[in-house]
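This is data20.csv. It holds CSV, C-alpha atoms and all ligand atoms.
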```csv
chain,number,residue,atom,x,y,z
A,93,MET,CA,-26.4,66.2,-60.4
A,94,LYS,CA,-24.3,64.0,-58.1
A,95,VAL,CA,-25.2,61.1,-55.9
A,96,LEU,CA,-22.9,59.9,-53.1
A,97,ALA,CA,-23.8,56.2,-52.4
A,98,ASN,CA,-21.7,56.0,-49.2
A,99,ASP,CA,-22.7,52.5,-48.1
A,100,GLY,CA,-22.8,51.1,-51.7
A,101,ILE,CA,-25.6,50.7,-54.2
A,102,SER,CA,-26.4,47.9,-56.7
A,103,LYS,CA,-25.1,48.0,-60.3
A,104,SER,CA,-28.7,48.2,-61.5
A,105,GLY,CA,-29.2,51.3,-59.3
A,106,ILE,CA,-26.1,52.9,-60.6
A,107,LEU,CA,-27.1,52.2,-64.2
A,108,ALA,CA,-30.6,53.6,-63.7
A,109,LEU,CA,-29.3,56.8,-62.1
A,110,GLU,CA,-26.7,57.3,-64.8
A,111,LYS,CA,-29.4,56.8,-67.4
A,112,GLY,CA,-31.4,59.5,-65.6
A,113,GLY,CA,-28.4,61.9,-66.0
A,114,PHE,CA,-26.9,61.5,-62.5
A,115,GLU,CA,-23.2,61.0,-61.6
A,116,VAL,CA,-22.9,58.3,-59.0
A,117,ILE,CA,-19.9,58.3,-56.5
A,118,THR,CA,-19.4,55.1,-54.6
A,119,THR,CA,-16.2,56.1,-52.8
A,120,LYS,CA,-16.6,55.2,-49.1
A,121,VAL,CA,-16.3,58.5,-47.2
A,122,ALA,CA,-15.5,58.2,-43.4
A,123,GLN,CA,-18.4,59.3,-41.2
A,124,GLU,CA,-16.6,62.4,-40.0
A,125,GLN,CA,-15.6,63.4,-43.6
A,126,VAL,CA,-19.1,63.1,-45.1
A,127,ALA,CA,-20.1,66.8,-44.7
A,128,ASN,CA,-16.8,68.1,-46.2
A,129,PHE,CA,-17.0,65.6,-49.1
A,130,VAL,CA,-20.6,66.6,-49.9
A,131,ASN,CA,-19.8,70.3,-49.9
A,132,GLU,CA,-16.5,70.0,-51.8
A,133,ASN,CA,-18.0,67.8,-54.5
A,134,ASN,CA,-21.4,69.6,-54.8
A,135,VAL,CA,-23.2,66.3,-53.9
A,136,ASP,CA,-27.0,66.6,-54.3
A,137,VAL,CA,-28.1,63.2,-52.9
A,138,VAL,CA,-26.6,61.1,-50.1
A,139,LEU,CA,-27.5,57.5,-50.1
A,140,VAL,CA,-26.9,55.3,-47.0
A,141,ARG,CA,-27.7,51.8,-45.7
A,142,SER,CA,-27.2,51.3,-42.0
A,143,ALA,CA,-23.6,52.2,-41.6
A,144,THR,CA,-23.5,55.9,-42.3
A,145,LYS,CA,-25.4,58.2,-39.9
A,146,VAL,CA,-27.0,61.3,-41.3
A,147,ARG,CA,-27.6,63.4,-38.2
A,148,LYS,CA,-28.3,67.1,-37.6
A,149,ASP,CA,-24.6,68.0,-37.8
A,150,ILE,CA,-24.3,66.8,-41.4
A,151,ILE,CA,-27.7,68.2,-42.3
A,152,ASP,CA,-26.7,71.7,-40.9
A,153,ALA,CA,-23.3,71.6,-42.6
A,154,CYS,CA,-24.7,70.7,-46.1
A,155,PRO,CA,-27.2,73.3,-47.1
A,156,GLY,CA,-27.1,72.1,-50.8
A,157,LEU,CA,-28.3,68.6,-50.0
A,158,LYS,CA,-31.6,67.8,-51.7
A,159,ILE,CA,-32.2,64.2,-50.9
A,160,ILE,CA,-31.2,61.7,-48.2
A,161,GLY,CA,-32.0,58.2,-49.2
A,162,ARG,CA,-31.9,55.1,-47.1
A,163,GLY,CA,-31.4,51.9,-49.1
A,164,GLY,CA,-33.6,49.8,-46.8
A,165,VAL,CA,-36.4,50.2,-44.3
A,166,GLY,CA,-35.2,51.5,-40.9
A,167,MET,CA,-34.5,55.2,-40.8
A,168,ASP,CA,-33.1,55.2,-37.3
A,169,ASN,CA,-29.6,56.3,-38.6
A,170,ILE,CA,-31.1,59.5,-40.1
A,171,ASP,CA,-32.6,62.5,-38.4
A,172,VAL,CA,-35.7,62.3,-40.6
A,173,ASP,CA,-37.9,65.1,-39.1
A,174,TYR,CA,-35.0,67.5,-38.9
A,175,ALA,CA,-34.0,66.9,-42.5
A,176,LYS,CA,-37.5,67.4,-43.7
A,177,SER,CA,-37.8,70.6,-41.6
A,178,LYS,CA,-34.8,71.9,-43.7
A,179,GLY,CA,-36.6,71.1,-47.0
A,180,ILE,CA,-34.6,67.9,-47.7
A,181,HIS,CA,-36.5,65.0,-49.1
A,182,VAL,CA,-35.9,61.8,-47.1
A,183,ILE,CA,-36.7,58.5,-48.9
A,184,ASN,CA,-36.4,54.8,-48.2
A,185,THR,CA,-37.4,51.5,-49.9
A,186,PRO,CA,-39.9,49.9,-47.5
A,187,ALA,CA,-40.9,46.8,-49.5
A,188,SER,CA,-37.7,45.8,-51.2
A,189,SER,CA,-36.2,43.5,-48.7
A,190,SER,CA,-39.1,41.8,-46.8
A,191,GLU,CA,-38.6,38.3,-48.4
A,192,SER,CA,-34.8,38.4,-47.9
A,193,VAL,CA,-35.2,39.3,-44.2
A,194,ALA,CA,-37.9,36.6,-43.7
A,195,GLU,CA,-35.6,34.0,-45.3
A,196,LEU,CA,-32.8,35.0,-42.9
A,197,VAL,CA,-35.2,34.5,-40.0
A,198,PHE,CA,-35.7,30.9,-41.1
A,199,GLY,CA,-31.9,30.5,-41.5
A,200,HIS,CA,-31.6,31.3,-37.8
A,201,LEU,CA,-34.6,29.2,-36.8
A,202,PHE,CA,-33.3,26.1,-38.7
A,203,SER,CA,-29.8,26.8,-37.3
A,204,GLY,CA,-31.2,27.1,-33.8
A,205,VAL,CA,-33.3,23.9,-33.7
A,206,ARG,CA,-30.5,21.8,-35.3
A,207,PHE,CA,-27.5,23.5,-33.7
A,208,LEU,CA,-26.0,24.3,-37.2
A,209,HIS,CA,-24.0,27.4,-36.0
A,210,ASP,CA,-22.4,25.4,-33.2
A,211,SER,CA,-21.8,22.1,-35.0
A,212,ASN,CA,-20.1,24.1,-37.9
A,213,ARG,CA,-17.7,25.5,-35.4
A,214,ASN,CA,-17.0,22.1,-33.8
A,215,MET,CA,-16.7,19.6,-36.6
A,216,PRO,CA,-13.5,17.6,-36.0
A,217,LEU,CA,-10.6,18.9,-38.1
A,218,GLU,CA,-8.3,15.9,-37.8
A,219,GLY,CA,-9.7,12.4,-38.2
A,220,ASP,CA,-13.1,11.3,-36.8
A,221,SER,CA,-12.0,11.0,-33.1
A,222,ASN,CA,-14.8,13.2,-31.8
A,223,PHE,CA,-17.4,12.5,-34.5
A,224,ASP,CA,-19.6,10.2,-32.3
A,225,GLY,CA,-19.4,12.6,-29.4
A,226,LEU,CA,-20.6,15.5,-31.6
A,227,LYS,CA,-23.4,13.3,-33.0
A,228,LYS,CA,-24.6,12.9,-29.4
A,229,ALA,CA,-24.2,16.5,-28.5
A,230,TYR,CA,-26.4,17.6,-31.4
A,231,ALA,CA,-28.9,14.7,-31.2
A,232,ASN,CA,-31.8,16.6,-29.6
A,233,GLY,CA,-33.0,18.7,-32.5
A,234,VAL,CA,-36.6,19.6,-32.9
A,235,GLU,CA,-38.8,20.2,-35.9
A,236,LEU,CA,-40.4,23.6,-36.7
A,237,ARG,CA,-43.4,21.9,-38.3
A,238,GLY,CA,-46.4,21.9,-35.9
A,239,LYS,CA,-44.8,24.5,-33.5
A,240,THR,CA,-46.1,28.0,-32.8
A,241,LEU,CA,-44.2,31.0,-34.2
A,242,GLY,CA,-44.9,34.3,-32.4
A,243,ILE,CA,-44.3,37.3,-34.6
A,244,VAL,CA,-43.9,40.6,-32.9
A,245,GLY,CA,-44.7,43.3,-35.6
A,246,ILE,CA,-46.8,41.8,-38.4
A,247,GLY,CA,-46.0,44.5,-41.0
A,248,ARG,CA,-44.2,43.8,-44.3
A,249,ILE,CA,-41.4,41.5,-43.0
A,250,GLY,CA,-43.7,40.0,-40.3
A,251,GLN,CA,-46.1,39.0,-43.0
A,252,ALA,CA,-43.4,37.6,-45.3
A,253,THR,CA,-42.2,35.5,-42.3
A,254,ALA,CA,-45.8,34.4,-41.5
A,255,LYS,CA,-46.2,33.1,-45.1
A,256,MET,CA,-43.1,31.0,-44.9
A,257,ALA,CA,-44.0,29.7,-41.5
A,258,LEU,CA,-47.5,28.7,-42.7
A,259,GLY,CA,-45.9,27.0,-45.7
A,260,LEU,CA,-43.8,24.9,-43.3
A,261,GLY,CA,-46.8,23.8,-41.3
A,262,MET,CA,-46.3,26.1,-38.3
A,263,LYS,CA,-49.0,27.8,-36.4
A,264,VAL,CA,-48.6,31.6,-36.5
A,265,ILE,CA,-49.6,34.1,-33.9
A,266,ALA,CA,-48.8,37.8,-33.9
A,267,ALA,CA,-48.8,41.0,-31.8
A,268,ASP,CA,-48.8,44.4,-33.5
A,269,SER,CA,-49.4,47.8,-32.1
A,270,PHE,CA,-51.0,49.1,-35.3
A,271,ILE,CA,-52.4,46.1,-37.4
A,272,PRO,CA,-55.4,44.5,-35.7
A,273,SER,CA,-55.6,41.6,-38.1
A,274,VAL,CA,-54.1,40.5,-41.4
A,275,ASP,CA,-54.9,37.9,-44.2
A,276,ILE,CA,-51.9,35.9,-45.2
A,277,LYS,CA,-52.2,34.2,-48.6
A,278,VAL,CA,-49.8,31.4,-49.3
A,279,GLU,CA,-49.6,30.6,-53.0
A,280,PHE,CA,-48.4,27.3,-54.4
A,281,PHE,CA,-46.8,26.6,-57.8
A,282,ASP,CA,-49.9,24.7,-59.0
A,283,GLY,CA,-51.9,27.9,-58.7
A,284,GLN,CA,-53.7,26.9,-55.5
A,285,SER,CA,-53.6,29.1,-52.4
A,286,ILE,CA,-54.7,29.1,-48.8
A,287,THR,CA,-55.5,32.2,-46.8
A,288,THR,CA,-55.2,32.4,-43.1
A,289,THR,CA,-56.4,35.3,-41.0
A,290,ILE,CA,-54.0,36.3,-38.1
A,291,VAL,CA,-55.6,38.4,-35.4
A,292,SER,CA,-53.2,40.5,-33.4
A,293,GLN,CA,-53.1,39.5,-29.7
A,294,SER,CA,-51.4,40.9,-26.7
A,295,LEU,CA,-47.6,40.7,-26.4
A,296,GLU,CA,-48.1,38.9,-23.0
A,297,SER,CA,-50.2,36.2,-24.5
A,298,LEU,CA,-47.9,35.8,-27.4
A,299,PHE,CA,-44.9,35.4,-25.1
A,300,LYS,CA,-46.8,32.7,-23.1
A,301,GLU,CA,-47.9,30.7,-26.2
A,302,ALA,CA,-45.0,30.8,-28.7
A,303,ASP,CA,-42.4,28.1,-29.1
A,304,PHE,CA,-40.4,30.5,-31.2
A,305,ILE,CA,-40.5,34.3,-31.3
A,306,THR,CA,-39.3,36.6,-34.0
A,307,LEU,CA,-39.3,40.4,-33.9
A,308,HIS,CA,-40.1,42.7,-36.8
A,309,VAL,CA,-40.6,46.1,-35.4
A,310,PRO,CA,-38.7,49.4,-35.9
A,311,ALA,CA,-36.1,50.7,-33.4
A,312,GLN,CA,-37.8,51.3,-30.0
A,313,ASP,CA,-37.2,53.5,-27.1
A,314,GLY,CA,-37.1,50.6,-24.7
A,315,TYR,CA,-36.8,46.8,-24.7
A,316,ILE,CA,-39.7,44.7,-26.0
A,317,ILE,CA,-38.0,41.6,-24.5
A,318,GLY,CA,-36.3,42.0,-21.1
A,319,GLU,CA,-36.1,39.9,-17.9
A,320,LYS,CA,-39.8,40.1,-17.1
A,321,GLU,CA,-40.9,39.1,-20.6
A,322,LEU,CA,-38.4,36.2,-20.8
A,323,ALA,CA,-39.7,34.9,-17.5
A,324,ILE,CA,-43.2,34.3,-18.9
A,325,MET,CA,-42.1,32.6,-22.0
A,326,LYS,CA,-42.2,28.8,-22.5
A,327,ASP,CA,-39.2,26.9,-21.2
A,328,GLY,CA,-36.9,26.2,-24.2
A,329,VAL,CA,-38.2,29.0,-26.4
A,330,GLY,CA,-36.1,30.1,-29.4
A,331,ILE,CA,-35.8,33.9,-30.2
A,332,VAL,CA,-34.8,35.6,-33.4
A,333,ASN,CA,-34.0,39.2,-33.8
A,334,CYS,CA,-33.6,40.5,-37.4
A,335,ALA,CA,-35.2,43.8,-36.5
A,336,ARG,CA,-33.0,46.2,-34.5
A,337,GLY,CA,-30.5,46.0,-31.7
A,338,GLY,CA,-32.1,47.3,-28.5
A,339,VAL,CA,-35.4,45.5,-28.9
A,340,ILE,CA,-34.0,42.7,-26.8
A,341,ASP,CA,-32.1,43.2,-23.5
A,342,GLU,CA,-28.9,41.2,-24.4
A,343,VAL,CA,-27.8,40.9,-20.8
A,344,ALA,CA,-31.1,39.3,-19.8
A,345,LEU,CA,-31.0,37.1,-23.0
A,346,VAL,CA,-27.6,35.7,-22.2
A,347,LYS,CA,-28.7,34.9,-18.6
A,348,ALA,CA,-31.8,33.1,-20.0
A,349,LEU,CA,-29.7,31.2,-22.5
A,350,ASP,CA,-27.3,30.2,-19.7
A,351,SER,CA,-30.1,29.0,-17.5
A,352,GLY,CA,-31.7,27.0,-20.3
A,353,LYS,CA,-34.9,29.1,-20.2
A,354,VAL,CA,-34.2,30.1,-23.8
A,355,ALA,CA,-32.9,27.2,-25.9
A,356,PHE,CA,-31.3,29.4,-28.6
A,357,ALA,CA,-31.3,32.9,-30.1
A,358,GLY,CA,-30.6,34.0,-33.7
A,359,LEU,CA,-29.3,37.6,-33.9
A,360,ASP,CA,-28.7,39.7,-37.0
A,361,VAL,CA,-28.7,43.0,-35.1
A,362,PHE,CA,-27.1,44.0,-31.9
A,363,GLU,CA,-27.3,46.5,-29.1
A,364,SER,CA,-23.7,47.6,-29.8
A,365,GLU,CA,-23.3,47.6,-33.5
A,366,PRO,CA,-20.9,47.3,-35.2
A,367,LYS,CA,-19.1,45.7,-32.2
A,368,PRO,CA,-21.4,43.2,-30.5
A,369,GLU,CA,-20.5,42.2,-26.9
A,370,MET,CA,-18.1,39.3,-26.4
A,371,ALA,CA,-20.7,37.5,-24.3
A,372,ILE,CA,-23.0,37.5,-27.4
A,373,LEU,CA,-20.2,36.7,-30.0
A,374,MET,CA,-18.9,33.7,-28.0
A,375,HIS,CA,-22.2,32.2,-26.9
A,376,THR,CA,-22.7,28.6,-28.2
A,377,LYS,CA,-26.4,29.0,-28.2
A,378,ILE,CA,-26.5,32.1,-30.5
A,379,SER,CA,-26.6,31.9,-34.2
A,380,LEU,CA,-25.0,35.1,-35.5
A,381,THR,CA,-25.1,37.2,-38.7
A,382,PRO,CA,-23.6,40.7,-39.2
A,383,HIS,CA,-26.8,42.7,-40.0
A,384,ILE,CA,-27.3,41.0,-43.4
A,385,GLY,CA,-31.1,40.8,-43.5
A,386,ALA,CA,-31.3,42.7,-46.8
A,387,ALA,CA,-28.0,41.5,-48.2
A,388,THR,CA,-29.2,39.4,-51.1
A,389,GLY,CA,-28.6,40.3,-54.8
A,390,GLU,CA,-32.4,40.4,-55.4
A,391,ALA,CA,-33.1,42.7,-52.5
A,392,GLN,CA,-30.2,45.0,-53.3
A,393,ASP,CA,-31.2,45.2,-57.0
A,394,ARG,CA,-34.8,46.2,-55.9
A,395,ILE,CA,-33.4,48.7,-53.4
A,396,GLY,CA,-31.0,50.3,-56.0
A,397,THR,CA,-33.6,50.6,-58.8
A,398,GLU,CA,-36.3,51.9,-56.4
A,399,LEU,CA,-34.0,54.6,-55.0
A,400,ALA,CA,-33.0,55.6,-58.5
A,401,SER,CA,-36.6,55.9,-59.7
A,402,GLN,CA,-37.6,58.0,-56.6
A,403,ILE,CA,-34.5,60.3,-57.1
A,404,ILE,CA,-35.2,60.7,-60.8
A,405,THR,CA,-38.9,61.6,-60.1
A,406,LEU,CA,-38.0,64.1,-57.4
A,407,LEU,CA,-35.1,65.9,-59.1
A,408,SER,CA,-36.1,65.8,-62.8
B,501,LIG,N1,-31.9,43.0,-40.3
B,501,LIG,C1,-32.1,43.7,-41.4
B,501,LIG,O1,-31.2,43.8,-42.2
B,501,LIG,C2,-33.3,44.5,-41.6
B,501,LIG,C3,-34.1,44.9,-40.5
B,501,LIG,N2,-35.2,45.7,-40.7
B,501,LIG,C4,-35.9,46.1,-39.5
B,501,LIG,O2,-37.2,45.5,-39.6
B,501,LIG,C5,-38.2,46.5,-39.1
B,501,LIG,C6,-39.6,46.1,-39.6
B,501,LIG,O3,-39.7,46.3,-41.0
B,501,LIG,P1,-41.1,46.2,-41.8
B,501,LIG,O4,-41.7,44.9,-41.4
B,501,LIG,O5,-40.8,46.5,-43.2
B,501,LIG,O6,-41.8,47.4,-41.1
B,501,LIG,P2,-43.4,47.7,-41.1
B,501,LIG,O7,-43.6,49.1,-40.7
B,501,LIG,O8,-44.1,47.2,-42.3
B,501,LIG,O9,-43.9,46.7,-39.8
B,501,LIG,C7,-43.6,47.0,-38.5
B,501,LIG,C8,-44.9,46.8,-37.7
B,501,LIG,O10,-44.5,46.7,-36.3
B,501,LIG,C9,-45.4,47.5,-35.5
B,501,LIG,N3,-44.8,47.8,-34.2
B,501,LIG,C10,-44.0,48.9,-33.9
B,501,LIG,N4,-43.7,48.9,-32.6
B,501,LIG,C11,-44.3,47.8,-32.1
B,501,LIG,C12,-44.3,47.2,-30.8
B,501,LIG,N5,-43.6,47.8,-29.8
B,501,LIG,N6,-45.0,46.1,-30.6
B,501,LIG,C13,-45.7,45.5,-31.6
B,501,LIG,N7,-45.7,46.0,-32.9
B,501,LIG,C14,-45.0,47.1,-33.1
B,501,LIG,C15,-45.6,48.6,-36.4
B,501,LIG,O11,-46.7,49.4,-36.0
B,501,LIG,P3,-46.6,51.0,-36.1
B,501,LIG,O12,-46.9,51.3,-37.6
B,501,LIG,O13,-47.6,51.5,-35.2
B,501,LIG,O14,-45.2,51.4,-35.7
B,501,LIG,C16,-45.8,48.0,-37.8
B,501,LIG,O15,-47.1,47.5,-37.9
B,501,LIG,C17,-37.6,47.8,-39.7
B,501,LIG,O16,-38.1,49.0,-39.1
B,501,LIG,C18,-36.1,47.6,-39.6
B,501,LIG,O17,-35.7,48.2,-38.3
B,501,LIG,C19,-35.7,45.9,-42.0
B,501,LIG,C20,-35.0,45.5,-43.1
B,501,LIG,C21,-33.7,44.7,-43.0
B,502,LIG,O1,-33.4,48.1,-44.2
B,502,LIG,C1,-33.1,48.0,-43.0
B,502,LIG,O2,-33.7,48.6,-42.1
B,502,LIG,C2,-31.9,47.3,-42.6
B,502,LIG,O3,-31.5,47.2,-41.5
B,502,LIG,C3,-31.0,46.7,-43.7
B,502,LIG,O4,-30.1,47.7,-44.1
```

How would this structure read if it were set down as structure tokens?
Amino acid sequence: MKVLANDGISKSGILALEKGGFEVITTKVAQEQVANFVNENNVDVVLVRSATKVRKDIIDACPGLKIIGRGGVGMDNIDVDYAKSKGIHVINTPASSSESVAELVFGHLFSGVRFLHDSNRNMPLEGDSNFDGLKKAYANGVELRGKTLGIVGIGRIGQATAKMALGLGMKVIAADSFIPSVDIKVEFFDGQSITTTIVSQSLESLFKEADFITLHVPAQDGYIIGEKELAIMKDGVGIVNCARGGVIDEVALVKALDSGKVAFAGLDVFESEPKPEMAILMHTKISLTPHIGAATGEAQDRIGTELASQIITLLS
């Protein structure tokens, strides 16, 4: 049987699949060529991350396809229900990348409160003529400790983020449309632990109370944060989006950054991916990453081996 891993797969995933008797093809096939490639090469399984879209057209054109696998969480690039209606298994790896995404959230938060993204761009290249000026420009940092982190979506990644925030001495509040309350256990190396119960509150009260806001929800039909929501937030709030483009209205966000209402934003995902708007790319108050929430060796290893084990179970 053949697996096309069109957006890549870890070595551990390839080895596990090969051990299970599968041939793994890692050639990157252009989006418009995927269906032809699958049919011409008798591919049984197509694996994608976020780049390749597996929509109705590919599903219809590939009657031999048995599994569509998403190396990751969000399935918004796959027509899941349609594929299932055609008898195709659709799988993903929901728990593999939570810690990695949560750590990236803190990368953006630390960058935002200490201007790391901007100071990196502006460090003087020749001599130290502007060193003191830059020192002053970045002198007004703030600490995360003691501040309130508002987590929108307290599922797997939201909970991993909450754990890290509690470990840093932050207060954590959350709003979730499904989870009414959750116990977060922070474990220390000496074997001790503390458990904190976080009760979900309304989005409105979270927006009013939080010093920093981070989003961990799936792709939505509309914005969770737009002009109206930004208006009720604290002045100087920091916002991180490592969830999906389209959960924040980027035009409203840029306006709020320009006015000083929002102090900084950290964005891993964008309304127009893979080509974010210039106003976003050039903004000095935005810490940017190119959708790399799950891009750690550890997460990709877990993703690869989990996909392999699901595929072997389904097709053996
Ligand atoms: N940047 C990156 O590289 C990555 C991004 N992601 C993104 O992160 C998202 C979250 O992942 P994960 O934590 O594992 O998912 P989970 O399903 O574990 O948690 C998401 C939670 O958010 C809730 N929710 C959905 N919509 C809303 C809303 N409008 N307001 C409040 N809560 C809401 C969900 O409830 P319900 O069950 O009712 O929907 C659920 O409880 C993924 O869907 C993906 O889009 C994931 C991995 C990597
Ligand atoms: O897993 C996800 O949903 C991601 O966005 C990372 O690829």

For this session: Name all residues at most 9 Å from Tyr315 in chain A (count all atoms listed in the file; drop same-chain ones fewer than 2 positions away) and give them as a PyMOL selection string.
Result: chain A and resi 312-313+317-318+338-341

C-alpha atoms of the current selection, written as a compact mmCIF listing (two decimals), keeping the file's coordinate frame:
```txt
# COMPACT_ATOMS: atom_id res chain seq x y z
CA GLN A 312 -37.80 51.30 -30.00
CA ASP A 313 -37.20 53.50 -27.10
CA ILE A 317 -38.00 41.60 -24.50
CA GLY A 318 -36.30 42.00 -21.10
CA GLY A 338 -32.10 47.30 -28.50
CA VAL A 339 -35.40 45.50 -28.90
CA ILE A 340 -34.00 42.70 -26.80
CA ASP A 341 -32.10 43.20 -23.50
```

Find the residues near Gly261 in chain A: any atom within 12 Å, counting all atoms listed in the file, skip ones fewer than 3 places away on the same chain, and give them as a tab-separated table (two decimals) with C-alpha atoms, keeping the file's coordinate frame.
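Writing the result to around_0.tsv gives the following:
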```tsv
chain	number	residue	atom	x	y	z
A	235	GLU	CA	-38.80	20.20	-35.90
A	236	LEU	CA	-40.40	23.60	-36.70
A	237	ARG	CA	-43.40	21.90	-38.30
A	238	GLY	CA	-46.40	21.90	-35.90
A	239	LYS	CA	-44.80	24.50	-33.50
A	240	THR	CA	-46.10	28.00	-32.80
A	241	LEU	CA	-44.20	31.00	-34.20
A	254	ALA	CA	-45.80	34.40	-41.50
A	255	LYS	CA	-46.20	33.10	-45.10
A	256	MET	CA	-43.10	31.00	-44.90
A	257	ALA	CA	-44.00	29.70	-41.50
A	258	LEU	CA	-47.50	28.70	-42.70
A	264	VAL	CA	-48.60	31.60	-36.50
A	278	VAL	CA	-49.80	31.40	-49.30
```

Problem set entry | Shell of 10 Å around Gln251 in chain A, only C-alpha atoms, local chain residues under 3 positions omitted, as a ChimeraX atom specification | /A:190-191,194,243,245-248,254-257,266,274-277,290,308

For this session: Please provide as an NGL selection string all residues within 12 Å of Lys347 in chain A, with the sequence filter that same-chain residues fewer than 4 positions apart are discarded (counting all atoms listed in the file).
Result: :A and (318-319 or 322-323 or 341-343 or 351-357 or 371-372 or 375 or 377)

For this session: All residues within 7 Å of ligand LIG 501 (chain B) are required, counting only C-alpha atoms and all ligand atoms; please report them as a PyMOL selection string.
Result: chain A and resi 164-166+186-187+189-190+193+244-250+267-271+308-312+316+334-336+360-361+383-386

Write the residues you've just listed into a file as a PDB file, in the coordinates of the input, and include C-alpha atoms for each of them.
```
ATOM      1  CA  GLY A 164     -33.600  49.800 -46.800  1.00  0.00           C
ATOM      2  CA  VAL A 165     -36.400  50.200 -44.300  1.00  0.00           C
ATOM      3  CA  GLY A 166     -35.200  51.500 -40.900  1.00  0.00           C
ATOM      4  CA  PRO A 186     -39.900  49.900 -47.500  1.00  0.00           C
ATOM      5  CA  ALA A 187     -40.900  46.800 -49.500  1.00  0.00           C
ATOM      6  CA  SER A 189     -36.200  43.500 -48.700  1.00  0.00           C
ATOM      7  CA  SER A 190     -39.100  41.800 -46.800  1.00  0.00           C
ATOM      8  CA  VAL A 193     -35.200  39.300 -44.200  1.00  0.00           C
ATOM      9  CA  VAL A 244     -43.900  40.600 -32.900  1.00  0.00           C
ATOM     10  CA  GLY A 245     -44.700  43.300 -35.600  1.00  0.00           C
ATOM     11  CA  ILE A 246     -46.800  41.800 -38.400  1.00  0.00           C
ATOM     12  CA  GLY A 247     -46.000  44.500 -41.000  1.00  0.00           C
ATOM     13  CA  ARG A 248     -44.200  43.800 -44.300  1.00  0.00           C
ATOM     14  CA  ILE A 249     -41.400  41.500 -43.000  1.00  0.00           C
ATOM     15  CA  GLY A 250     -43.700  40.000 -40.300  1.00  0.00           C
ATOM     16  CA  ALA A 267     -48.800  41.000 -31.800  1.00  0.00           C
ATOM     17  CA  ASP A 268     -48.800  44.400 -33.500  1.00  0.00           C
ATOM     18  CA  SER A 269     -49.400  47.800 -32.100  1.00  0.00           C
ATOM     19  CA  PHE A 270     -51.000  49.100 -35.300  1.00  0.00           C
ATOM     20  CA  ILE A 271     -52.400  46.100 -37.400  1.00  0.00           C
ATOM     21  CA  HIS A 308     -40.100  42.700 -36.800  1.00  0.00           C
ATOM     22  CA  VAL A 309     -40.600  46.100 -35.400  1.00  0.00           C
ATOM     23  CA  PRO A 310     -38.700  49.400 -35.900  1.00  0.00           C
ATOM     24  CA  ALA A 311     -36.100  50.700 -33.400  1.00  0.00           C
ATOM     25  CA  GLN A 312     -37.800  51.300 -30.000  1.00  0.00           C
ATOM     26  CA  ILE A 316     -39.700  44.700 -26.000  1.00  0.00           C
ATOM     27  CA  CYS A 334     -33.600  40.500 -37.400  1.00  0.00           C
ATOM     28  CA  ALA A 335     -35.200  43.800 -36.500  1.00  0.00           C
ATOM     29  CA  ARG A 336     -33.000  46.200 -34.500  1.00  0.00           C
ATOM     30  CA  ASP A 360     -28.700  39.700 -37.000  1.00  0.00           C
ATOM     31  CA  VAL A 361     -28.700  43.000 -35.100  1.00  0.00           C
ATOM     32  CA  HIS A 383     -26.800  42.700 -40.000  1.00  0.00           C
ATOM     33  CA  ILE A 384     -27.300  41.000 -43.400  1.00  0.00           C
ATOM     34  CA  GLY A 385     -31.100  40.800 -43.500  1.00  0.00           C
ATOM     35  CA  ALA A 386     -31.300  42.700 -46.800  1.00  0.00           C
TER      36      ALA A 386
END
```

Exercise. Asp99 in chain A: which residues within 8 Å, counting all atoms listed in the file, same-chain residues fewer than 5 positions away excluded, as a PyMOL selection string?
Worked result: chain A and resi 118+120+139-144

Exercise. Any idea what the distance is between CA of Ser294 in chain A and atom C1 of ligand LIG 502 (chain B)?
Worked result: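 Separation between CA of Ser294 in chain A and atom C1 of ligand LIG 502 (chain B): 25.5 Å.
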
Centre and size of axis-aligned box enclosing range 222-230 of chain A plus 3 Å each side, as AutoDock Vina command-line options:
```
--center_x -20.6 --center_y 13.9 --center_z -31.5 --size_x 17.6 --size_y 13.4 --size_z 12.0
```

For this session: Quick one: pull the distance between CA of Ile106 in chain A and CA of Asp393 in chain A, Å, one decimal.
Result: 9.9 Å

Exercise. Suppose you want the space between CA of Tyr174 in chain A and CA of Leu157 in chain A; what is it in Å?
Worked result: 13.0 Å

For this session: Rank A:Ala348, A:Ala400, A:Ala252, A:Ala391 by their smallest atom-to-atom distance to ligand LIG 502 (chain B), using all atoms listed in the file, and report the top residue only.
Result: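 Distance minimum relative to ligand LIG 502 (chain B) lands on A:Ala391.
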
Here's a test: counting all atoms listed in the file, identify every protein, DNA and RNA residue with an atom at most 10 Å from (-19.0, 29.2, -33.1) in the file's coordinate frame, and state them as an mmCIF file with C-alpha atoms, keeping the file's coordinate frame.
```
data_model
loop_
_atom_site.group_PDB
_atom_site.id
_atom_site.type_symbol
_atom_site.label_atom_id
_atom_site.label_comp_id
_atom_site.auth_asym_id
_atom_site.auth_seq_id
_atom_site.Cartn_x
_atom_site.Cartn_y
_atom_site.Cartn_z
ATOM 1 C CA LEU A 208 -26.000 24.300 -37.200
ATOM 2 C CA HIS A 209 -24.000 27.400 -36.000
ATOM 3 C CA ASP A 210 -22.400 25.400 -33.200
ATOM 4 C CA SER A 211 -21.800 22.100 -35.000
ATOM 5 C CA ASN A 212 -20.100 24.100 -37.900
ATOM 6 C CA ARG A 213 -17.700 25.500 -35.400
ATOM 7 C CA ASN A 214 -17.000 22.100 -33.800
ATOM 8 C CA LEU A 373 -20.200 36.700 -30.000
ATOM 9 C CA MET A 374 -18.900 33.700 -28.000
ATOM 10 C CA HIS A 375 -22.200 32.200 -26.900
ATOM 11 C CA THR A 376 -22.700 28.600 -28.200
ATOM 12 C CA LYS A 377 -26.400 29.000 -28.200
ATOM 13 C CA ILE A 378 -26.500 32.100 -30.500
ATOM 14 C CA SER A 379 -26.600 31.900 -34.200
ATOM 15 C CA LEU A 380 -25.000 35.100 -35.500
#
```
